[in-house]
$ cat work-v7.json   # JSON, C-alpha atoms
[["chain", "number", "residue", "atom", "x", "y", "z"],
["A", 2, "MET", "CA", -25.96, 6.24, -37.77],
["A", 3, "THR", "CA", -23.61, 6.31, -40.76],
["A", 4, "ARG", "CA", -19.92, 5.49, -40.82],
["A", 5, "ASP", "CA", -19.14, 9.13, -41.59],
["A", 6, "GLU", "CA", -21.06, 10.22, -38.51],
["A", 7, "LEU", "CA", -19.19, 7.71, -36.36],
["A", 8, "GLN", "CA", -15.85, 8.97, -37.65],
["A", 9, "SER", "CA", -16.74, 12.66, -37.42],
["A", 10, "GLY", "CA", -14.14, 13.36, -34.74],
["A", 11, "ARG", "CA", -16.11, 12.77, -31.58],
["A", 12, "SER", "CA", -13.85, 12.71, -28.56],
["A", 13, "GLY", "CA", -14.35, 12.05, -24.88],
["A", 14, "VAL", "CA", -14.10, 9.57, -22.02],
["A", 15, "LEU", "CA", -16.25, 6.46, -21.71],
["A", 16, "PRO", "CA", -15.98, 4.85, -18.25],
["A", 17, "VAL", "CA", -16.54, 1.10, -18.71],
["A", 18, "ASP", "CA", -17.06, -1.59, -16.08],
["A", 19, "LYS", "CA", -14.52, -4.11, -17.39],
["A", 20, "GLY", "CA", -15.65, -7.71, -17.37],
["A", 21, "ALA", "CA", -13.68, -10.49, -15.68],
["A", 22, "GLY", "CA", -11.30, -12.48, -17.88],
["A", 23, "LEU", "CA", -10.65, -9.61, -20.29],
["A", 24, "THR", "CA", -7.46, -7.69, -20.75],
["A", 25, "SER", "CA", -7.66, -3.91, -20.97],
["A", 26, "PHE", "CA", -6.32, -4.20, -24.53],
["A", 27, "GLN", "CA", -9.19, -6.52, -25.50],
["A", 28, "VAL", "CA", -11.72, -3.94, -24.27],
["A", 29, "VAL", "CA", -9.99, -1.23, -26.30],
["A", 30, "ALA", "CA", -9.86, -3.45, -29.40],
["A", 31, "HIS", "CA", -13.57, -4.27, -29.13],
["A", 32, "LEU", "CA", -14.52, -0.61, -28.81],
["A", 33, "ARG", "CA", -12.26, 0.35, -31.70],
["A", 34, "ARG", "CA", -14.22, -2.07, -33.90],
["A", 35, "ILE", "CA", -17.70, -0.97, -32.91],
["A", 36, "LEU", "CA", -17.07, 2.78, -32.63],
["A", 37, "ARG", "CA", -14.96, 2.79, -35.80],
["A", 38, "VAL", "CA", -12.58, 5.45, -34.63],
["A", 39, "PRO", "CA", -8.82, 5.07, -35.12],
["A", 40, "LYS", "CA", -7.70, 6.51, -31.79],
["A", 41, "ILE", "CA", -8.86, 4.71, -28.65],
["A", 42, "GLY", "CA", -6.91, 4.03, -25.48],
["A", 43, "HIS", "CA", -7.47, 3.52, -21.78],
["A", 44, "GLY", "CA", -6.60, 5.38, -18.60],
["A", 45, "GLY", "CA", -4.97, 2.68, -16.50],
["A", 46, "THR", "CA", -4.55, -1.08, -16.94],
["A", 47, "LEU", "CA", -6.67, -3.56, -15.01],
["A", 48, "ASP", "CA", -5.58, -7.18, -14.52],
["A", 49, "PRO", "CA", -7.65, -9.66, -16.58],
["A", 50, "ALA", "CA", -9.24, -11.19, -13.46],
["A", 51, "ALA", "CA", -10.19, -7.78, -12.07],
["A", 52, "THR", "CA", -13.40, -5.91, -12.83],
["A", 53, "GLY", "CA", -14.44, -2.30, -12.40],
["A", 54, "VAL", "CA", -13.79, 1.13, -13.79],
["A", 55, "LEU", "CA", -11.70, 1.31, -16.95],
["A", 56, "PRO", "CA", -11.80, 4.81, -18.47],
["A", 57, "ILE", "CA", -11.78, 4.49, -22.26],
["A", 58, "LEU", "CA", -10.26, 7.47, -24.08],
["A", 59, "VAL", "CA", -11.80, 8.19, -27.47],
["A", 60, "GLY", "CA", -10.29, 10.39, -30.17],
["A", 61, "GLU", "CA", -8.51, 13.47, -28.84],
["A", 62, "ALA", "CA", -8.95, 12.15, -25.29],
["A", 63, "THR", "CA", -6.05, 9.76, -25.93],
["A", 64, "LYS", "CA", -3.77, 12.80, -25.55],
["A", 65, "LEU", "CA", -4.87, 12.96, -21.92],
["A", 66, "THR", "CA", -3.52, 9.49, -21.04],
["A", 67, "PRO", "CA", -0.71, 10.78, -18.77],
["A", 68, "TYR", "CA", -3.21, 12.81, -16.74],
["A", 69, "LEU", "CA", -5.61, 9.86, -16.36],
["A", 70, "VAL", "CA", -2.79, 7.64, -15.12],
["A", 71, "ASP", "CA", -2.02, 10.23, -12.42],
["A", 72, "LEU", "CA", -5.56, 10.18, -10.99],
["A", 73, "ASP", "CA", -6.11, 8.54, -7.61],
["A", 74, "LYS", "CA", -7.90, 5.19, -7.61],
["A", 75, "GLU", "CA", -10.07, 3.18, -5.24],
["A", 76, "TYR", "CA", -10.27, -0.61, -5.05],
["A", 77, "LEU", "CA", -12.33, -3.19, -3.21],
["A", 78, "ALA", "CA", -10.07, -6.20, -2.69],
["A", 79, "THR", "CA", -10.53, -9.60, -1.08],
["A", 80, "VAL", "CA", -7.38, -11.22, 0.29],
["A", 81, "ARG", "CA", -7.20, -14.98, 0.85],
["A", 82, "LEU", "CA", -4.96, -15.78, 3.81],
["A", 83, "GLY", "CA", -2.96, -18.99, 4.11],
["A", 84, "VAL", "CA", -1.90, -19.28, 0.47],
["A", 85, "THR", "CA", 0.92, -17.77, -1.59],
["A", 86, "THR", "CA", 1.19, -17.96, -5.38],
["A", 87, "ASP", "CA", 3.67, -16.99, -8.07],
["A", 88, "THR", "CA", 1.34, -14.30, -9.46],
["A", 89, "LEU", "CA", 0.32, -12.99, -6.00],
["A", 90, "ASP", "CA", -3.31, -13.77, -6.83],
["A", 91, "LEU", "CA", -5.38, -16.95, -7.05],
["A", 92, "SER", "CA", -4.86, -17.28, -10.81],
["A", 93, "GLY", "CA", -1.26, -18.38, -10.26],
["A", 94, "ALA", "CA", 0.50, -21.56, -9.23],
["A", 95, "VAL", "CA", 0.31, -22.22, -5.49],
["A", 96, "LEU", "CA", 3.73, -22.01, -3.86],
["A", 97, "GLU", "CA", 2.75, -22.67, -0.26],
["A", 98, "THR", "CA", -0.26, -23.13, 1.98],
["A", 99, "ARG", "CA", -0.39, -22.58, 5.73],
["A", 100, "PRO", "CA", -3.07, -22.85, 8.39],
["A", 101, "VAL", "CA", -4.74, -19.56, 9.24],
["A", 102, "PRO", "CA", -4.70, -18.79, 12.97],
["A", 103, "ALA", "CA", -7.47, -16.88, 14.70],
["A", 104, "ILE", "CA", -7.02, -13.24, 13.66],
["A", 105, "GLY", "CA", -9.17, -10.43, 14.98],
["A", 106, "ALA", "CA", -10.12, -7.19, 13.25],
["A", 107, "ALA", "CA", -7.85, -5.16, 15.54],
["A", 108, "ALA", "CA", -4.79, -7.17, 14.47],
["A", 109, "VAL", "CA", -5.68, -6.75, 10.81],
["A", 110, "GLU", "CA", -6.18, -3.01, 11.19],
["A", 111, "ARG", "CA", -2.82, -2.65, 12.96],
["A", 112, "ALA", "CA", -1.14, -4.48, 10.09],
["A", 113, "LEU", "CA", -2.97, -2.36, 7.48],
["A", 114, "ALA", "CA", -1.81, 0.88, 9.14],
["A", 115, "ALA", "CA", 1.78, 0.08, 8.13],
["A", 116, "PHE", "CA", 0.79, 0.25, 4.46],
["A", 117, "VAL", "CA", -0.73, 3.75, 4.55],
["A", 118, "GLY", "CA", 1.25, 6.80, 3.44],
["A", 119, "ASN", "CA", 4.27, 7.00, 1.17],
["A", 120, "ILE", "CA", 5.56, 3.44, 1.14],
["A", 121, "CYS", "CA", 8.02, 1.38, -0.91],
["A", 122, "GLN", "CA", 6.62, -1.52, -2.90],
["A", 123, "VAL", "CA", 8.40, -4.10, -5.07],
["A", 124, "PRO", "CA", 6.47, -4.55, -8.36],
["A", 125, "PRO", "CA", 5.36, -8.15, -9.05],
["A", 126, "MET", "CA", 7.04, -10.23, -11.74],
["A", 127, "TYR", "CA", 3.64, -10.73, -13.34],
["A", 128, "SER", "CA", 3.28, -7.10, -14.40],
["A", 129, "ALA", "CA", 3.53, -5.06, -17.60],
["A", 130, "LEU", "CA", 6.69, -3.24, -16.53],
["A", 131, "HIS", "CA", 9.67, -3.46, -18.87],
["A", 132, "HIS", "CA", 13.06, -5.02, -18.22],
["A", 133, "GLU", "CA", 15.65, -4.71, -20.98],
["A", 134, "GLY", "CA", 12.98, -4.33, -23.64],
["A", 135, "ARG", "CA", 10.68, -7.12, -22.45],
["A", 136, "ARG", "CA", 7.60, -7.20, -20.25],
["A", 137, "LEU", "CA", 8.15, -8.70, -16.81],
["A", 138, "TYR", "CA", 5.21, -11.06, -17.25],
["A", 139, "GLU", "CA", 6.83, -12.47, -20.41],
["A", 140, "LEU", "CA", 9.96, -13.31, -18.45],
["A", 141, "ALA", "CA", 7.91, -14.73, -15.58],
["A", 142, "ARG", "CA", 6.09, -17.10, -17.93],
["A", 143, "GLU", "CA", 9.49, -18.41, -19.02],
["A", 144, "GLY", "CA", 10.44, -19.06, -15.42],
["A", 145, "VAL", "CA", 12.85, -16.11, -15.29],
["A", 146, "GLU", "CA", 12.85, -13.81, -12.27],
["A", 147, "VAL", "CA", 14.80, -10.55, -12.28],
["A", 148, "GLU", "CA", 15.57, -8.14, -9.50],
["A", 149, "ARG", "CA", 13.05, -5.31, -9.20],
["A", 150, "SER", "CA", 13.86, -2.12, -7.36],
["A", 151, "PRO", "CA", 11.33, -0.95, -4.76],
["A", 152, "ARG", "CA", 9.21, 1.97, -5.91],
["A", 153, "GLU", "CA", 7.69, 4.67, -3.77],
["A", 154, "VAL", "CA", 3.90, 4.69, -4.02],
["A", 155, "THR", "CA", 1.21, 6.56, -2.14],
["A", 156, "VAL", "CA", -1.64, 4.94, -0.23],
["A", 157, "TYR", "CA", -4.16, 7.48, 1.04],
["A", 158, "SER", "CA", -6.27, 5.08, 3.07],
["A", 159, "ILE", "CA", -7.07, 1.41, 3.70],
["A", 160, "ALA", "CA", -10.25, 0.35, 5.47],
["A", 161, "LEU", "CA", -11.17, -3.15, 6.62],
["A", 162, "GLU", "CA", -14.62, -3.85, 5.15],
["A", 163, "SER", "CA", -15.14, -7.41, 6.38],
["A", 164, "LEU", "CA", -13.27, -10.27, 8.03],
["A", 165, "ALA", "CA", -14.32, -13.89, 7.52],
["A", 166, "PRO", "CA", -11.12, -15.98, 7.73],
["A", 167, "PRO", "CA", -9.47, -17.10, 5.58],
["A", 168, "ASP", "CA", -10.78, -14.09, 3.63],
["A", 169, "LEU", "CA", -10.71, -10.41, 4.45],
["A", 170, "THR", "CA", -11.98, -7.55, 2.30],
["A", 171, "ILE", "CA", -10.40, -4.10, 2.25],
["A", 172, "ARG", "CA", -11.07, -0.81, 0.51],
["A", 173, "VAL", "CA", -7.90, 0.90, -0.74],
["A", 174, "ARG", "CA", -7.47, 4.46, -2.02],
["A", 175, "CYS", "CA", -4.09, 4.92, -3.67],
["A", 176, "GLY", "CA", -2.04, 6.81, -6.22],
["A", 177, "LYS", "CA", -0.44, 5.67, -9.47],
["A", 178, "GLY", "CA", 1.88, 2.68, -9.70],
["A", 179, "PHE", "CA", 0.34, 0.82, -6.76],
["A", 180, "TYR", "CA", -0.17, -2.95, -7.03],
["A", 181, "VAL", "CA", -3.00, -4.37, -4.93],
["A", 182, "ARG", "CA", -1.65, -7.89, -5.56],
["A", 183, "THR", "CA", 1.60, -6.91, -3.88],
["A", 184, "LEU", "CA", -0.35, -5.46, -0.95],
["A", 185, "ALA", "CA", -2.23, -8.76, -0.60],
["A", 186, "ALA", "CA", 1.01, -10.73, -0.44],
["A", 187, "ASP", "CA", 2.71, -8.26, 1.91],
["A", 188, "LEU", "CA", -0.31, -8.11, 4.19],
["A", 189, "GLY", "CA", -0.47, -11.91, 4.34],
["A", 190, "ALA", "CA", 3.21, -12.01, 5.27],
["A", 191, "ALA", "CA", 2.71, -9.36, 7.96],
["A", 192, "LEU", "CA", -0.15, -11.36, 9.48],
["A", 193, "GLY", "CA", 1.84, -14.60, 9.35],
["A", 194, "PRO", "CA", 0.16, -17.19, 7.11],
["A", 195, "GLY", "CA", 0.81, -15.48, 3.78],
["A", 196, "GLY", "CA", -1.84, -14.24, 1.39],
["A", 197, "ALA", "CA", -2.92, -13.79, -2.19],
["A", 198, "LEU", "CA", -5.45, -11.58, -3.94],
["A", 199, "ALA", "CA", -8.75, -13.42, -4.39],
["A", 200, "MET", "CA", -10.90, -10.69, -5.93],
["A", 201, "LEU", "CA", -10.39, -7.12, -7.13],
["A", 202, "VAL", "CA", -12.88, -4.46, -8.18],
["A", 203, "ARG", "CA", -11.77, -0.95, -9.12],
["A", 204, "THR", "CA", -14.57, 1.21, -7.80],
["A", 205, "ARG", "CA", -13.23, 4.61, -8.87],
["A", 206, "VAL", "CA", -10.65, 6.32, -11.07],
["A", 207, "GLY", "CA", -10.54, 10.05, -10.26],
["A", 208, "PRO", "CA", -14.08, 11.35, -10.81],
["A", 209, "TYR", "CA", -15.25, 8.17, -12.61],
["A", 210, "ARG", "CA", -17.21, 5.89, -10.30],
["A", 211, "LEU", "CA", -18.34, 2.32, -10.81],
["A", 212, "ASP", "CA", -22.01, 3.25, -10.40],
["A", 213, "ASP", "CA", -21.73, 5.52, -13.45],
["A", 214, "ALA", "CA", -19.67, 3.19, -15.65],
["A", 215, "VAL", "CA", -21.17, 1.47, -18.69],
["A", 216, "ALA", "CA", -21.75, -2.21, -17.92],
["A", 217, "TRP", "CA", -19.64, -4.61, -19.96],
["A", 218, "GLU", "CA", -22.82, -6.37, -21.15],
["A", 219, "THR", "CA", -23.97, -3.07, -22.68],
["A", 220, "VAL", "CA", -20.63, -2.57, -24.39],
["A", 221, "ARG", "CA", -20.52, -6.16, -25.63],
["A", 222, "GLU", "CA", -24.04, -6.03, -27.07],
["A", 223, "ALA", "CA", -23.76, -2.56, -28.63],
["A", 224, "ARG", "CA", -24.16, -2.64, -32.39],
["A", 225, "GLY", "CA", -22.51, 0.19, -34.29],
["A", 226, "GLY", "CA", -21.84, 2.06, -31.06],
["A", 227, "GLY", "CA", -25.14, 3.94, -31.13],
["A", 228, "ALA", "CA", -25.95, 3.15, -27.49],
["A", 229, "LEU", "CA", -22.50, 4.25, -26.35],
["A", 230, "TRP", "CA", -22.06, 7.69, -27.89],
["A", 231, "PRO", "CA", -24.59, 9.33, -25.49],
["A", 232, "ARG", "CA", -22.53, 7.98, -22.56],
["A", 233, "LEU", "CA", -19.36, 9.72, -23.74],
["A", 234, "LEU", "CA", -18.21, 12.32, -21.20],
["A", 235, "PRO", "CA", -16.44, 15.58, -22.13],
["A", 236, "LEU", "CA", -12.70, 15.66, -22.74],
["A", 237, "ASP", "CA", -12.10, 17.71, -19.62],
["A", 238, "SER", "CA", -14.21, 15.54, -17.30],
["A", 239, "ALA", "CA", -11.06, 13.95, -15.86],
["A", 240, "LEU", "CA", -9.46, 17.30, -15.06],
["A", 241, "GLU", "CA", -11.94, 18.89, -12.66],
["A", 242, "ALA", "CA", -9.30, 19.21, -9.95],
["A", 243, "MET", "CA", -7.04, 21.19, -12.27],
["A", 244, "GLN", "CA", -7.06, 24.99, -12.36],
["A", 245, "GLU", "CA", -8.94, 26.69, -15.19],
["A", 246, "ALA", "CA", -7.92, 29.46, -17.57],
["A", 247, "ARG", "CA", -10.39, 31.12, -19.94],
["A", 248, "LEU", "CA", -8.75, 33.07, -22.75],
["A", 249, "SER", "CA", -9.76, 35.97, -24.91],
["A", 250, "PRO", "CA", -10.18, 35.34, -28.66],
["A", 251, "GLN", "CA", -6.71, 36.73, -29.38],
["A", 252, "ALA", "CA", -5.04, 34.74, -26.62],
["A", 253, "ALA", "CA", -6.89, 31.56, -27.66],
["A", 254, "ARG", "CA", -5.57, 31.88, -31.22],
["A", 255, "ALA", "CA", -2.04, 32.30, -29.90],
["A", 256, "PHE", "CA", -2.39, 29.34, -27.52],
["A", 257, "VAL", "CA", -3.57, 26.87, -30.19],
["A", 258, "ASN", "CA", -0.64, 27.99, -32.34],
["A", 259, "GLY", "CA", 1.77, 26.92, -29.62],
["A", 260, "GLN", "CA", 2.48, 30.33, -28.10],
["A", 261, "SER", "CA", 2.55, 31.21, -24.41],
["A", 262, "VAL", "CA", -0.18, 33.60, -23.30],
["A", 263, "THR", "CA", -0.63, 35.92, -20.34],
["A", 264, "ASP", "CA", -2.95, 34.61, -17.62],
["A", 265, "GLY", "CA", -2.36, 35.27, -13.93],
["A", 266, "GLY", "CA", -2.87, 32.70, -11.22],
["A", 267, "ALA", "CA", -1.18, 30.01, -9.17],
["A", 268, "PRO", "CA", 1.60, 28.00, -10.85],
["A", 269, "GLY", "CA", 0.91, 24.50, -12.13],
["A", 270, "SER", "CA", -1.07, 22.74, -14.84],
["A", 271, "VAL", "CA", -4.26, 24.42, -16.05],
["A", 272, "ARG", "CA", -7.08, 23.39, -18.36],
["A", 273, "VAL", "CA", -7.47, 26.07, -20.99],
["A", 274, "TYR", "CA", -10.71, 27.19, -22.66],
["A", 275, "GLY", "CA", -11.51, 29.57, -25.48],
["A", 276, "PRO", "CA", -14.01, 32.42, -25.13],
["A", 277, "ASP", "CA", -16.81, 30.17, -26.44],
["A", 278, "GLY", "CA", -16.15, 27.48, -23.81],
["A", 279, "ALA", "CA", -14.30, 25.11, -26.14],
["A", 280, "PHE", "CA", -11.63, 23.07, -24.35],
["A", 281, "LEU", "CA", -8.34, 23.91, -26.04],
["A", 282, "GLY", "CA", -5.91, 21.82, -24.03],
["A", 283, "ILE", "CA", -3.64, 21.86, -21.01],
["A", 284, "GLY", "CA", -1.11, 24.54, -20.22],
["A", 285, "ALA", "CA", 1.66, 24.99, -17.69],
["A", 286, "ARG", "CA", 1.37, 28.25, -15.74],
["A", 287, "ARG", "CA", 4.68, 29.78, -14.72],
["A", 288, "GLY", "CA", 4.56, 33.30, -13.39],
["A", 289, "PRO", "CA", 2.25, 35.43, -15.54],
["A", 290, "LEU", "CA", 2.40, 33.09, -18.56],
["A", 291, "VAL", "CA", 0.63, 29.88, -19.58],
["A", 292, "LYS", "CA", 2.67, 27.72, -21.93],
["A", 293, "PRO", "CA", 0.88, 25.10, -24.09],
["A", 294, "GLU", "CA", 1.57, 21.63, -22.73],
["A", 295, "ARG", "CA", -0.98, 19.46, -24.55],
["A", 296, "LEU", "CA", -3.10, 20.90, -27.37],
["A", 297, "LEU", "CA", -6.44, 19.41, -28.42],
["A", 298, "HIS", "CA", -8.59, 20.00, -31.44],
["A", 299, "ALA", "CA", -11.31, 22.13, -29.90],
["A", 300, "ASP", "CA", -14.78, 20.58, -29.90],
["A", 301, "PRO", "CA", -17.80, 22.87, -30.17],
["A", 302, "PRO", "CA", -19.06, 23.84, -26.71],
["A", 303, "ARG", "CA", -21.75, 21.50, -25.44],
["A", 304, "PRO", "CA", -23.64, 20.95, -22.18],
["A", 305, "ARG", "CA", -21.24, 19.64, -19.57],
["A", 306, "VAL", "CA", -22.42, 16.35, -18.10],
["A", 307, "LEU", "CA", -19.83, 15.28, -15.55],
["A", 308, "PRO", "CA", -19.61, 12.29, -13.25],
["A", 309, "ALA", "CA", -21.48, 12.71, -9.97]]
$ encode --input "work-v7.json" --output "structure tokens"
Amino acid sequence: MTRDELQSGRSGVLPVDKGAGLTSFQVVAHLRRILRVPKIGHGGTLDPAATGVLPILVGEATKLTPYLVDLDKEYLATVRLGVTTDTLDLSGAVLETRPVPAIGAAAVERALAAFVGNICQVPPMYSALHHEGRRLYELAREGVEVERSPREVTVYSIALESLAPPDLTIRVRCGKGFYVRTLAADLGAALGPGGALAMLVRTRVGPYRLDDAVAWETVREARGGGALWPRLLPLDSALEAMQEARLSPQAARAFVNGQSVTDGGAPGSVRVYGPDGAFLGIGARRGPLVKPERLLHADPPRPRVLPA
């Protein structure tokens, strides 16, 4: 495969199973080198120690970053009771250890129930959030702690998968902005002995599941990206839950030129297609009109292979 072919404007989503010890930026940088495309991003940061689904956005798919971030996520997390750390996981400095009393599954499930729904959560200091132009984790590494306002986050469900004190494993389905490390610490406090995150696997981001993600070994060993291009999913694969609008040739021309077009339906965001099936972008439907919200360079229509 030639360099010109690799840079021919291919766009899509590549779900990757991120390896442990890697930052999300390192995964993006590696793929930028081997795929040789200038625009590559990701759809939601994973902590370096965590593994699991990291959607990689290639080419025009980088314009869909805000929509990927909004997708619900599922995690498999192991919490170590009896220890608290400065990072809220086992990679940090230990602040305190306590004996772990006998705790039954019923007590754990009662404690977990308090964390389901719309809850307020204080972001950890070791996070990528900004404070006065600097990342919180940069300040934390300098020994500086600043006040963080609680944020409302949504937790759809938490299930206890296993209990083998001092460890317990839970499956969490949540919305954007949720920190599993904070949940581990808060759950440990609620149960008494404190807790820290021992292991984290992101098993799903929206429609992208871990079973369908490209293994990190495959990504690492790919030469020239040839083995990865066939795994690229369509631009609109992340937007299956969004309404659809299919335009006439005249309306499609107007839409890609930034004009609102007539298309009846329920209000909200819609994925917009041309008459040939090409994905044109995302529009906002208000009343009888669809206003362009995010335009994409239309790819030729191709067979749609979506995540199971």
$ closest_residue --input "work-v7.json" --among "A:His31, A:Arg11, A:Lys40, A:Lys74" --to "Arg203 in chain A" --atoms "all atoms listed in the file"
A:Lys74
$ axis_aligned_box --input "work-v7.json" --around "range 236-255 of chain A" --padding-each-side "6 Å" --output "AutoDock Vina command-line options"
--center_x -8.1 --center_y 25.3 --center_z -20.6 --size_x 24.2 --size_y 34.8 --size_z 33.3
$ atom_distance --input "work-v7.json" --atom1 "CA of Leu240 in chain A" --atom2 "CA of Gly207 in chain A"
8.8 Å
$ closest_residue --input "work-v7.json" --among "A:Val14, A:Val257, A:Leu82, A:Val202" --to "Leu58 in chain A" --atoms "all atoms listed in the file"
A:Val14
$ residues_around --input "work-v7.json" --residues "Ala255 in chain A" --least-positions-apart "6" --cutoff "12 Å" --atoms "only C-alpha atoms" --output "PyMOL selection string"
chain A and resi 248-249+261-263+275+281+291-293+296
$ atom_distance --input "work-v7.json" --atom1 "CA of Cys121 in chain A" --atom2 "CA of Val181 in chain A"
13.1 Å
$ residues_near_point --input "work-v7.json" --point "(-11.1, -3.5, -15.4)" --cutoff "12 Å" --atoms "all atoms listed in the file" --output "ChimeraX atom specification"
/A:16-29,43-57,76,200-206,211,214-217
$ closest_residue --input "work-v7.json" --among "A:Val273, A:Leu234, A:Val101, A:Ile120" --to "Tyr180 in chain A" --atoms "only C-alpha atoms"
A:Ile120
$ closest_residue --input "work-v7.json" --among "A:Gly278, A:Pro166, A:Gly134, A:Pro124" --to "Pro151 in chain A" --atoms "all atoms listed in the file"
A:Pro124
$ build_atoms --input "work-v7.json" --residues "range 107-114 of chain A" --atoms "all heavy atoms" --output "PDB file, keeping the file's coordinate frame"
ATOM      1  N   ALA A 107      -8.829  -6.110  15.017  1.00  0.00           N
ATOM      2  CA  ALA A 107      -7.850  -5.160  15.540  1.00  0.00           C
ATOM      3  C   ALA A 107      -6.452  -5.481  15.026  1.00  0.00           C
ATOM      4  O   ALA A 107      -5.682  -4.573  14.663  1.00  0.00           O
ATOM      5  CB  ALA A 107      -7.875  -5.153  17.066  1.00  0.00           C
ATOM      6  N   ALA A 108      -6.109  -6.775  14.965  1.00  0.00           N
ATOM      7  CA  ALA A 108      -4.790  -7.170  14.470  1.00  0.00           C
ATOM      8  C   ALA A 108      -4.656  -6.845  12.989  1.00  0.00           C
ATOM      9  O   ALA A 108      -3.597  -6.394  12.531  1.00  0.00           O
ATOM     10  CB  ALA A 108      -4.571  -8.666  14.714  1.00  0.00           C
ATOM     11  N   VAL A 109      -5.718  -7.068  12.234  1.00  0.00           N
ATOM     12  CA  VAL A 109      -5.680  -6.750  10.810  1.00  0.00           C
ATOM     13  C   VAL A 109      -5.528  -5.252  10.602  1.00  0.00           C
ATOM     14  O   VAL A 109      -4.719  -4.803   9.777  1.00  0.00           O
ATOM     15  CB  VAL A 109      -6.954  -7.264  10.102  1.00  0.00           C
ATOM     16  CG1 VAL A 109      -6.980  -6.799   8.642  1.00  0.00           C
ATOM     17  CG2 VAL A 109      -7.036  -8.778  10.171  1.00  0.00           C
ATOM     18  N   GLU A 110      -6.263  -4.463  11.344  1.00  0.00           N
ATOM     19  CA  GLU A 110      -6.180  -3.010  11.190  1.00  0.00           C
ATOM     20  C   GLU A 110      -4.816  -2.468  11.589  1.00  0.00           C
ATOM     21  O   GLU A 110      -4.310  -1.529  10.970  1.00  0.00           O
ATOM     22  CB  GLU A 110      -7.296  -2.345  12.003  1.00  0.00           C
ATOM     23  CG  GLU A 110      -8.673  -2.581  11.375  1.00  0.00           C
ATOM     24  CD  GLU A 110      -9.813  -2.116  12.259  1.00  0.00           C
ATOM     25  OE1 GLU A 110      -9.574  -1.911  13.476  1.00  0.00           O
ATOM     26  OE2 GLU A 110     -10.933  -1.966  11.739  1.00  0.00           O
ATOM     27  N   ARG A 111      -4.185  -3.071  12.601  1.00  0.00           N
ATOM     28  CA  ARG A 111      -2.820  -2.650  12.960  1.00  0.00           C
ATOM     29  C   ARG A 111      -1.855  -2.959  11.821  1.00  0.00           C
ATOM     30  O   ARG A 111      -0.981  -2.153  11.493  1.00  0.00           O
ATOM     31  CB  ARG A 111      -2.378  -3.361  14.241  1.00  0.00           C
ATOM     32  CG  ARG A 111      -2.956  -2.790  15.514  1.00  0.00           C
ATOM     33  CD  ARG A 111      -2.204  -3.285  16.734  1.00  0.00           C
ATOM     34  NE  ARG A 111      -2.255  -4.747  16.863  1.00  0.00           N
ATOM     35  CZ  ARG A 111      -3.216  -5.398  17.524  1.00  0.00           C
ATOM     36  NH1 ARG A 111      -4.194  -4.716  18.116  1.00  0.00           N
ATOM     37  NH2 ARG A 111      -3.190  -6.717  17.605  1.00  0.00           N
ATOM     38  N   ALA A 112      -2.010  -4.123  11.211  1.00  0.00           N
ATOM     39  CA  ALA A 112      -1.140  -4.480  10.090  1.00  0.00           C
ATOM     40  C   ALA A 112      -1.388  -3.562   8.892  1.00  0.00           C
ATOM     41  O   ALA A 112      -0.447  -3.127   8.216  1.00  0.00           O
ATOM     42  CB  ALA A 112      -1.366  -5.937   9.693  1.00  0.00           C
ATOM     43  N   LEU A 113      -2.632  -3.225   8.616  1.00  0.00           N
ATOM     44  CA  LEU A 113      -2.970  -2.360   7.480  1.00  0.00           C
ATOM     45  C   LEU A 113      -2.374  -0.966   7.651  1.00  0.00           C
ATOM     46  O   LEU A 113      -1.988  -0.325   6.667  1.00  0.00           O
ATOM     47  CB  LEU A 113      -4.487  -2.256   7.323  1.00  0.00           C
ATOM     48  CG  LEU A 113      -5.204  -3.504   6.804  1.00  0.00           C
ATOM     49  CD1 LEU A 113      -6.705  -3.311   6.878  1.00  0.00           C
ATOM     50  CD2 LEU A 113      -4.769  -3.837   5.376  1.00  0.00           C
ATOM     51  N   ALA A 114      -2.308  -0.481   8.899  1.00  0.00           N
ATOM     52  CA  ALA A 114      -1.810   0.880   9.140  1.00  0.00           C
ATOM     53  C   ALA A 114      -0.391   1.061   8.623  1.00  0.00           C
ATOM     54  O   ALA A 114       0.006   2.169   8.233  1.00  0.00           O
ATOM     55  CB  ALA A 114      -1.883   1.196  10.634  1.00  0.00           C
TER      56      ALA A 114
END
